Each structure stands twice: as structure tokens, then as C-alpha cells.
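Participant: I'd like to ask some things about the structure below.
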Amino acid sequence: MLRKIVRRFRFSATTRAGQSVIEPMEPRQLLAAAPTITNVVADNRGEVLLTASRFLRNVNKNSVKFFTAGADGAIGTADDVRKTDITVSFNPDNNRITIRGRTDPNATYRVRLESSLITAGDGKRLDGEFSGTFPTGNGTQGGNFSFLARRDRSNMPVVRMSTNLGTMTIRIRKDVAPVSATQFLDLANGGFYDNMIFARAVPNFVLQAGSLQVTGSGTSASDVIGNTAPSFPQELPRVLSNLRGTLSFARGGPQALASNQFFINIGNNDASSAFNNLDEADFPGDAVFTPFAQVIDGLAVADAIVNKPTADLSAQLSQAASNGSVAVTNVPVNNPAQAQTSLNPNRDLMIARRTAVRMKIAPAA
């Protein structure tokens, strides 16, 4: 019986002319294209996220190089300074390289991935030639990936807000609300919106944040601190309406001053709302809320945060709330009973890990 099976296999594997019709079972990975870079997001304080087409090996500080301008103040010249105080990691789940460097806000920098060191699992080297579009490469393995990250000087820069429930992309509107937009960007550039807590959530109304930050290990209530910023009066005229997805600064006090607290409109809080029209003052002297930005991607993240259960954390965060001049009676949390019993900010709270302006990406010479 075994001989008959072998004979049948041999017969089916050849034609009458004796030509093979069965493809040899070579490892399929040998037929894969060389790895490329398919996307880059770089921010104005030195964090870079790169996505590769395939799993990569040898991604570390030797193969990933980060440069800032030297004494001549120009990038791409002989005196560029290679920074070694960076961290580099690779996530095989999504083929993402994360680079965390430190730069002055808005300073130009460049990054180079060394193709001679970075390979896929099958040994093929990075196909990294970059002309300004993605994916990189010329179709042949080998070729460094080099790019410049430059400041977005437009009136509508884009901010990336990375939270523990996902990422929101926010377009800043300096063209219609320059005072508010500049305040928000200055605070983001200073790191005041990093490790920021979302302190107030009201479904179908607003999600508020801006003055509470997690510090230290982030495992106890005492790790939450409150911050303030220089105040400014309401910005008029209001050009944009408080429609779903827009951002405005929270205001209070007799002069309706704003500082660092802002909110995302979850509902349409304009004249179409019978109860929450934030476009007009209720009484003379009341605040008018002037939108200065809009979520252009990731609004579902804001929805997910605002739809979390809320807890009154006045007892747990009394000092921070006082310092930050913010109420903490409707804080979105994972588990209200747990948060109120023994608050662990990293475990219990909704946090924006980083808020920073995206840079413009260009090929490096």
C-alpha cells in the first residue's frame, strides 16, 4: 500500500514529458520583500513613532541615530550633534519603532536608521531610501532611512494627544483664535499637558482637563499635583461655534478669565442646544467660550473617556484640586469604588501621557 501511495505522488509530480509541476516547498519568507518604513509621526519635543512593514531586528541606539543642530545652528551640517540620551524600542505587535529624544520645543532634528544593522527576520536589510513619500525604498534591500523633522509654522498646526484609551489628533486654529491657541501651544510645549488627568466628564456635554498631572510613580493620590498658568480674558470675537469635537478654554471668576483648563465639546453646545449654548453669555458679564481647536481624528477616544463611570474624588485629591482650581466631583475612572477606596492614578484614572505638536517630515540630504 505504501509503495502505491509513493508511486501516485511521483506520477502526479511529473508530466509525461518528465517536467516537474509541483513547486518546491521553499520557506515562504525568502520570497518576502525587504522591510520598509510605512509611516512616521514626529513631534516637536523629540518623540518619533515609525511603523515598519515587517518585523525588524537590531533596533537600538546603535542602529537608530538622532541628531540636533550644532554650534552653527543649522541641521544637516558637519557639526550636528548626535544625541545618546535617547531611548529606542521596537514593538513586534505592530512593528512600531518608538524613539524618545529630548529637544527644545520646535527645534529641527534629524533621524537616521542604519540599513547595515537593521534587518528583518529573514536577514533582509532595511530598504530605507526616502524621497518624501511612503513606503520608503527603491525595491532593493539596503539603504538608510533618513529624515528631517521641522517645525510646522502654519496657522493650523496639528497636536497629537496620546491617552491610555487611544490617540486624538487635534488641529489648532491660530487663524481664528490666536490668543487661546497660543496659550494652549505654550502649555503643551512646556509639558504641562503631559501625564494630564481628565478631571470632569459629562456625557453629551463636555470632557475637561488641563490642570491636574500625575507625577512620580503614579501609584498614589499624592502623586497627583495641581498646576495653574497665566490667565487671560475671553477672546472675542468668537468665530467658531462650540460644536461637537471643538476645544475651548474653561472660564470663571468676575472677569471670566481662563488659565490652563480646557474642554472638548462632546455634544453640539451651540444655539441648537436648549440647555447648553456655550456660544452666547447667559447674562451680561458671563463668559463666552471661544473654540480654538478641533479634534480631526480620534473623537471616539473622547467619547470612550466621557462614557466611563465617574467618581467624586474630592477627598482623595483635595490639595491638588485646590492648587489647580478645579472641581473633581465627576472624574472619569475605571472603577469608582476602587478609586475612592485607594486611589492609584495609573490604574484608575484617564490620563493623557503626552500632548505635543506634530512636525513636518522631509528627506534628509
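Quick note on naming: the chains in the C-alpha cells go A, B, ... in the order shown, residues restart at 1 in each chain, and ligands are numbered from 1 in order of appearance.
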Which neighbours of Ser89 in chain A fall inside 7 Å, counting only C-alpha atoms, when residues of the same chain fewer than 6 positions from it are skipped, and could you give them as a list in words?

Facilitator: Val59, Asn60, Ile97, Thr98 and Ile99 of chain A

Participant: Write to file, as a JSON list (two decimals), in the first residue's frame, the residues of the selection just made, with C-alpha atoms.

Facilitator:
[["chain", "number", "residue", "atom", "x", "y", "z"],
["A", 59, "VAL", "CA", 16.59, 48.19, 16.55],
["A", 60, "ASN", "CA", 18.56, 50.01, 19.25],
["A", 97, "ILE", "CA", 9.74, 51.82, 16.49],
["A", 98, "THR", "CA", 9.48, 54.41, 19.28],
["A", 99, "ILE", "CA", 12.26, 56.94, 19.72]]

Participant: Apply DSSP to the backbone of this structure and, from range 63-286 of chain A, keep only the residues in strand (DSSP E or B); write these as number ranges by chain.

Facilitator: A: 64-68, 81-83, 87-91, 96-100, 109-113, 119-120, 125, 145-150, 158-163, 166-172, 196-202, 206-214, 224-226, 232, 246-249, 252, 257-258, 262-265

Participant: Write out, as a PDB file, in the first residue's frame, the residues just selected, with C-alpha atoms.

Facilitator:
ATOM      1  CA  VAL A  64      18.933  54.380  15.277  1.00  0.00           C
ATOM      2  CA  LYS A  65      20.683  57.759  15.350  1.00  0.00           C
ATOM      3  CA  PHE A  66      19.200  61.071  16.474  1.00  0.00           C
ATOM      4  CA  PHE A  67      20.870  64.415  15.661  1.00  0.00           C
ATOM      5  CA  THR A  68      20.282  68.034  16.675  1.00  0.00           C
ATOM      6  CA  VAL A  81      25.319  66.648  17.486  1.00  0.00           C
ATOM      7  CA  ARG A  82      24.372  63.013  17.847  1.00  0.00           C
ATOM      8  CA  LYS A  83      22.272  62.596  20.974  1.00  0.00           C
ATOM      9  CA  THR A  87      15.515  55.585  24.260  1.00  0.00           C
ATOM     10  CA  VAL A  88      14.695  53.267  21.381  1.00  0.00           C
ATOM     11  CA  SER A  89      12.244  50.373  21.424  1.00  0.00           C
ATOM     12  CA  PHE A  90      10.524  48.067  18.931  1.00  0.00           C
ATOM     13  CA  ASN A  91       7.033  46.633  19.391  1.00  0.00           C
ATOM     14  CA  ARG A  96       6.464  50.149  15.617  1.00  0.00           C
ATOM     15  CA  ILE A  97       9.737  51.816  16.495  1.00  0.00           C
ATOM     16  CA  THR A  98       9.483  54.406  19.278  1.00  0.00           C
ATOM     17  CA  ILE A  99      12.261  56.940  19.717  1.00  0.00           C
ATOM     18  CA  ARG A 100      12.222  59.283  22.665  1.00  0.00           C
ATOM     19  CA  TYR A 109      16.240  67.451  14.284  1.00  0.00           C
ATOM     20  CA  ARG A 110      17.080  64.535  12.063  1.00  0.00           C
ATOM     21  CA  VAL A 111      16.938  60.768  12.429  1.00  0.00           C
ATOM     22  CA  ARG A 112      18.774  58.007  10.567  1.00  0.00           C
ATOM     23  CA  LEU A 113      18.136  54.272  10.613  1.00  0.00           C
ATOM     24  CA  THR A 119      17.245  43.545   9.251  1.00  0.00           C
ATOM     25  CA  ALA A 120      14.016  41.597   9.002  1.00  0.00           C
ATOM     26  CA  ARG A 125      18.229  44.657   5.226  1.00  0.00           C
ATOM     27  CA  PHE A 145      16.198  55.803   6.183  1.00  0.00           C
ATOM     28  CA  SER A 146      16.978  59.466   6.915  1.00  0.00           C
ATOM     29  CA  PHE A 147      14.574  62.334   7.534  1.00  0.00           C
ATOM     30  CA  LEU A 148      14.355  65.833   8.946  1.00  0.00           C
ATOM     31  CA  ALA A 149      11.675  66.934  11.410  1.00  0.00           C
ATOM     32  CA  ARG A 150      10.882  70.627  11.053  1.00  0.00           C
ATOM     33  CA  VAL A 158      -1.669  69.588  14.453  1.00  0.00           C
ATOM     34  CA  VAL A 159      -1.331  68.269  18.013  1.00  0.00           C
ATOM     35  CA  ARG A 160      -1.153  64.613  18.972  1.00  0.00           C
ATOM     36  CA  MET A 161      -2.699  63.796  22.362  1.00  0.00           C
ATOM     37  CA  SER A 162      -1.852  60.232  23.421  1.00  0.00           C
ATOM     38  CA  THR A 163      -4.146  58.856  26.145  1.00  0.00           C
ATOM     39  CA  GLY A 166      -6.094  55.881  22.395  1.00  0.00           C
ATOM     40  CA  THR A 167      -4.852  58.902  20.482  1.00  0.00           C
ATOM     41  CA  MET A 168      -6.618  62.107  19.486  1.00  0.00           C
ATOM     42  CA  THR A 169      -5.357  64.318  16.671  1.00  0.00           C
ATOM     43  CA  ILE A 170      -6.254  67.971  17.182  1.00  0.00           C
ATOM     44  CA  ARG A 171      -5.968  70.838  14.690  1.00  0.00           C
ATOM     45  CA  ILE A 172      -5.142  74.153  16.372  1.00  0.00           C
ATOM     46  CA  MET A 196      -2.601  65.104  32.395  1.00  0.00           C
ATOM     47  CA  ILE A 197      -5.761  63.832  34.066  1.00  0.00           C
ATOM     48  CA  PHE A 198      -9.200  64.197  32.548  1.00  0.00           C
ATOM     49  CA  ALA A 199     -10.899  65.694  35.606  1.00  0.00           C
ATOM     50  CA  ARG A 200     -14.505  66.192  34.519  1.00  0.00           C
ATOM     51  CA  ALA A 201     -16.741  64.115  32.283  1.00  0.00           C
ATOM     52  CA  VAL A 202     -20.352  64.943  31.460  1.00  0.00           C
ATOM     53  CA  VAL A 206     -18.025  68.190  27.801  1.00  0.00           C
ATOM     54  CA  LEU A 207     -14.802  66.409  28.714  1.00  0.00           C
ATOM     55  CA  GLN A 208     -12.487  68.677  30.720  1.00  0.00           C
ATOM     56  CA  ALA A 209      -8.764  68.577  31.543  1.00  0.00           C
ATOM     57  CA  GLY A 210      -5.707  70.775  31.901  1.00  0.00           C
ATOM     58  CA  SER A 211      -4.656  71.488  35.493  1.00  0.00           C
ATOM     59  CA  LEU A 212      -4.012  68.098  37.133  1.00  0.00           C
ATOM     60  CA  GLN A 213      -0.933  65.979  36.375  1.00  0.00           C
ATOM     61  CA  VAL A 214       0.362  62.614  37.539  1.00  0.00           C
ATOM     62  CA  VAL A 224      -1.350  63.985  41.542  1.00  0.00           C
ATOM     63  CA  ILE A 225      -0.472  67.687  41.536  1.00  0.00           C
ATOM     64  CA  GLY A 226      -2.392  70.794  40.515  1.00  0.00           C
ATOM     65  CA  PHE A 232      -6.243  85.727  30.018  1.00  0.00           C
ATOM     66  CA  THR A 246     -14.157  71.571  19.241  1.00  0.00           C
ATOM     67  CA  LEU A 247     -11.964  72.709  22.144  1.00  0.00           C
ATOM     68  CA  SER A 248     -12.466  75.825  24.248  1.00  0.00           C
ATOM     69  CA  PHE A 249     -10.887  77.094  27.458  1.00  0.00           C
ATOM     70  CA  GLY A 252     -14.562  81.571  35.653  1.00  0.00           C
ATOM     71  CA  LEU A 257     -10.661  84.517  32.974  1.00  0.00           C
ATOM     72  CA  ALA A 258      -9.113  81.354  31.564  1.00  0.00           C
ATOM     73  CA  PHE A 262      -9.887  73.366  28.546  1.00  0.00           C
ATOM     74  CA  PHE A 263     -12.755  71.174  27.459  1.00  0.00           C
ATOM     75  CA  ILE A 264     -13.713  69.120  24.437  1.00  0.00           C
ATOM     76  CA  ASN A 265     -17.302  69.614  23.358  1.00  0.00           C
TER      77      ASN A 265
END

Participant: Under the rule that only C-alpha atoms are counted, which of A:Asp93, A:Asp297, A:Asp194, A:Asp80 is the nearest residue to Ser53 in chain A?

Facilitator: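 For Ser53 in chain A, the nearest of the given residues is A:Asp93.
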
Participant: Give the answer as one residue: which of A:Val301, A:Ala229, A:Asn195, A:Gly101 has the shortest atom-to-atom distance to Ser217 in chain A, using only C-alpha atoms?

Facilitator: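 Of all the options, A:Asn195 lies closest to Ser217 in chain A.
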